[in-house]
Amino acid sequence: MILFYGRPEDPPLGRTVAAARRAGYPHLVVDQARLARYDFVCGTGVPGRLAVDGRQVELAEVGAVYARPLELPAAPGQDAAARARAAAFHRWFTDWLDWADTLVVNRPLAMESNSSKPYQAQLIARAGFPVPETLVTDDPAEVREFRAEHGRVVYKSVSGIRSIVRELTPDDESRLHLVRGLPTQFQAYVPGRDVRVHVVGREVYAAAVDSAAVDYRYADRDGLRTELTRYRLPPEVAERSVALAAALGLPLAGIDLRLRPDGAWVCFEVNPMPAHSYYESHTGLPIAAALAALLAGAPTPVEA
């Protein structure tokens, strides 16, 4: 039995649930919008179980979990007691994910490496991938020195909260004083071609990303285009990607690489809750089917 936890309208979860359904894998969706109607019992000496939409599921029967916990939706007309019940279910369930004796994609504690990008960069480098020259500072003078040394510089959030990567330009000079109140991560710009790698168990599914945007995820905001195509990784880069995901304790990982013009590979970060549906919808990569197979203990499709 596979448990899916999250919001069914969330494309990565929805695609994976659909893949499990097509393959005939037994599964149950725990919808975050309906938590106030569910029961979760788990404790020392108490047989754990779930009651979801009239179904009773013993936790011992759960073979794997794919969790994409998002913010709890605000249900119209829901009273304070129902909101508290939903919040308690969410807290207990996500706590259980960290010690459940089953495959969990991904355990909350394992995902914490992305809460600090500088910390995660050290883990990436330890796994053998070069990372960009980086400065985290709240001192405008240090930013100017860093820019003088490296020329082109980009900046982003230090935390795991999603932010738009932007290039530091002369127009930003008047705003540099703002870093005094918010330490920011600056990195030397790395030229080259972006490649997003999804690791699913021991399989890799890579997409090359071609765009003139600094942050291709938001290219349309700048009136630019993004094109995604399937990409065949060199075997050693594929192996290093699998090893990196394993070192971080992530059965599923979205790894952001860039292939420099000189042929060297640089790693920016590892997303522990990747929106793989975006890359699948543009390239046809069978990421959702691979993830469903991993959860079911079935052979995962190998990218041809």
# chains A, B, ... in the order shown; residues from 1 in each chain; ligands from 1
>>> residues_around(residues="segment 225-233 of chain A", least_positions_apart="3", cutoff="9 Å", atoms="only C-alpha atoms", output="list in words")
Val195, Val197, Val204, Tyr205, Ala206, Ala207, Ala208, Val209, Asp210, Ser211, Ala212, Ala213, Tyr216, Arg217, Ala219, Asp220, Asp222, Glu236, Val237, Ala238, Tyr279, His282, Thr283, Gly284, Leu285, Glu303 and Ala304 of chain A
>>> residues_around(residues="Leu135 of chain A", least_positions_apart="5", cutoff="9 Å", atoms="only C-alpha atoms", output="MDAnalysis selection string")
chainID A and resid 118 142:143 146 184:188
>>> residues_around(residues="segment 262-278 of chain A", least_positions_apart="5", cutoff="8 Å", atoms="only C-alpha atoms", output="number ranges by chain")
A: 11-12, 15, 68, 106, 111, 114, 117, 120-121, 124, 129-132, 198, 250, 252-257, 287-288
>>> select_by_dssp(residues="segment 125-293 of chain A", states="strand (DSSP E)", output="ChimeraX atom specification")
/A:134-137,153-156,166-167,184-188,193-200,203-211,226-231,252-259,265-271
>>> residues_around(residues="Ala290 of chain A", least_positions_apart="5", cutoff="9 Å", atoms="only C-alpha atoms", output="ChimeraX atom specification")
/A:16,19,200-201,203,295,298-302
>>> closest_residue(among="A:Leu248, A:Ile2, A:Val136, A:Ala289", to="Gly63 of chain A", atoms="only C-alpha atoms")
A:Ile2
>>> residues_around(residues="Asp95 of chain A", least_positions_apart="6", cutoff="10 Å", atoms="only C-alpha atoms", output="ChimeraX atom specification")
/A:89,107-109
>>> residues_around(residues="Arg202 of chain A", least_positions_apart="3", cutoff="9 Å", atoms="only C-alpha atoms", output="ChimeraX atom specification")
/A:199,239,242-243,246,251,300
>>> closest_residue(among="A:Ala141, A:Ala33, A:Ala125, A:Ala296", to="Leu244 of chain A", atoms="only C-alpha atoms")
A:Ala125
>>> select_by_dssp(residues="segment 47-273 of chain A", states="helix (DSSP H, G or I)", output="number ranges by chain")
A: 59-61, 80-99, 108-115, 117-126, 140-150, 170-180, 216-222, 235-247
>>> closest_residue(among="A:Phe93, A:Phe4, A:Tyr218, A:Phe40", to="Tyr25 of chain A", atoms="only C-alpha atoms")
A:Phe4
>>> closest_residue(among="A:His90, A:Ala293, A:Leu123, A:Thr134", to="Ala245 of chain A", atoms="only C-alpha atoms")
A:Leu123
>>> atom_distance(atom1="atom CA of Cys42 of chain A", atom2="atom CA of Asp101 of chain A")
12.9 Å
>>> closest_residue(among="A:Pro140, A:Ser163, A:Leu72, A:Ala60", to="Leu35 of chain A", atoms="only C-alpha atoms")
A:Leu72
>>> closest_residue(among="A:Pro183, A:Val104, A:Val41, A:Arg147", to="Pro170 of chain A", atoms="only C-alpha atoms")
A:Arg147
>>> decode(residues="segment 251-263 of chain A", atoms="N, CA, C and O atoms", output="CSV table (one decimal), in the first residue's frame")
chain,number,residue,atom,x,y,z
A,251,PRO,N,15.4,9.8,-1.5
A,251,PRO,CA,15.1,8.9,-2.6
A,251,PRO,C,14.6,9.6,-3.9
A,251,PRO,O,14.8,9.1,-5.0
A,252,LEU,N,14.1,10.8,-3.7
A,252,LEU,CA,13.8,11.7,-4.9
A,252,LEU,C,14.4,13.0,-4.7
A,252,LEU,O,14.4,13.6,-3.6
A,253,ALA,N,15.1,13.5,-5.7
A,253,ALA,CA,15.8,14.8,-5.6
A,253,ALA,C,15.9,15.4,-7.0
A,253,ALA,O,16.0,14.8,-8.0
A,254,GLY,N,15.7,16.8,-7.0
A,254,GLY,CA,15.9,17.6,-8.1
A,254,GLY,C,17.2,18.3,-8.0
A,254,GLY,O,17.4,19.2,-7.2
A,255,ILE,N,18.2,18.0,-8.9
A,255,ILE,CA,19.5,18.5,-8.7
A,255,ILE,C,19.8,19.5,-9.9
A,255,ILE,O,19.6,19.2,-11.1
A,256,ASP,N,20.1,20.7,-9.5
A,256,ASP,CA,20.4,21.8,-10.5
A,256,ASP,C,21.8,21.9,-10.8
A,256,ASP,O,22.7,22.3,-10.0
A,257,LEU,N,22.2,21.5,-12.1
A,257,LEU,CA,23.5,21.5,-12.6
A,257,LEU,C,23.7,22.5,-13.7
A,257,LEU,O,22.7,22.9,-14.3
A,258,ARG,N,24.9,22.9,-14.0
A,258,ARG,CA,25.2,23.7,-15.1
A,258,ARG,C,26.5,23.2,-15.8
A,258,ARG,O,27.5,23.0,-15.1
A,259,LEU,N,26.4,23.0,-17.1
A,259,LEU,CA,27.6,22.5,-17.8
A,259,LEU,C,28.3,23.7,-18.4
A,259,LEU,O,27.7,24.4,-19.3
A,260,ARG,N,29.5,24.0,-17.9
A,260,ARG,CA,30.2,25.2,-18.3
A,260,ARG,C,30.8,25.0,-19.7
A,260,ARG,O,30.9,23.8,-20.2
A,261,PRO,N,31.1,26.0,-20.4
A,261,PRO,CA,31.7,25.9,-21.8
A,261,PRO,C,33.0,25.1,-21.8
A,261,PRO,O,33.3,24.5,-22.9
A,262,ASP,N,33.7,25.0,-20.7
A,262,ASP,CA,34.9,24.2,-20.7
A,262,ASP,C,34.7,22.7,-20.4
A,262,ASP,O,35.6,22.0,-20.3
A,263,GLY,N,33.4,22.3,-20.3
A,263,GLY,CA,33.1,21.0,-20.0
A,263,GLY,C,33.0,20.5,-18.6
A,263,GLY,O,32.6,19.4,-18.3
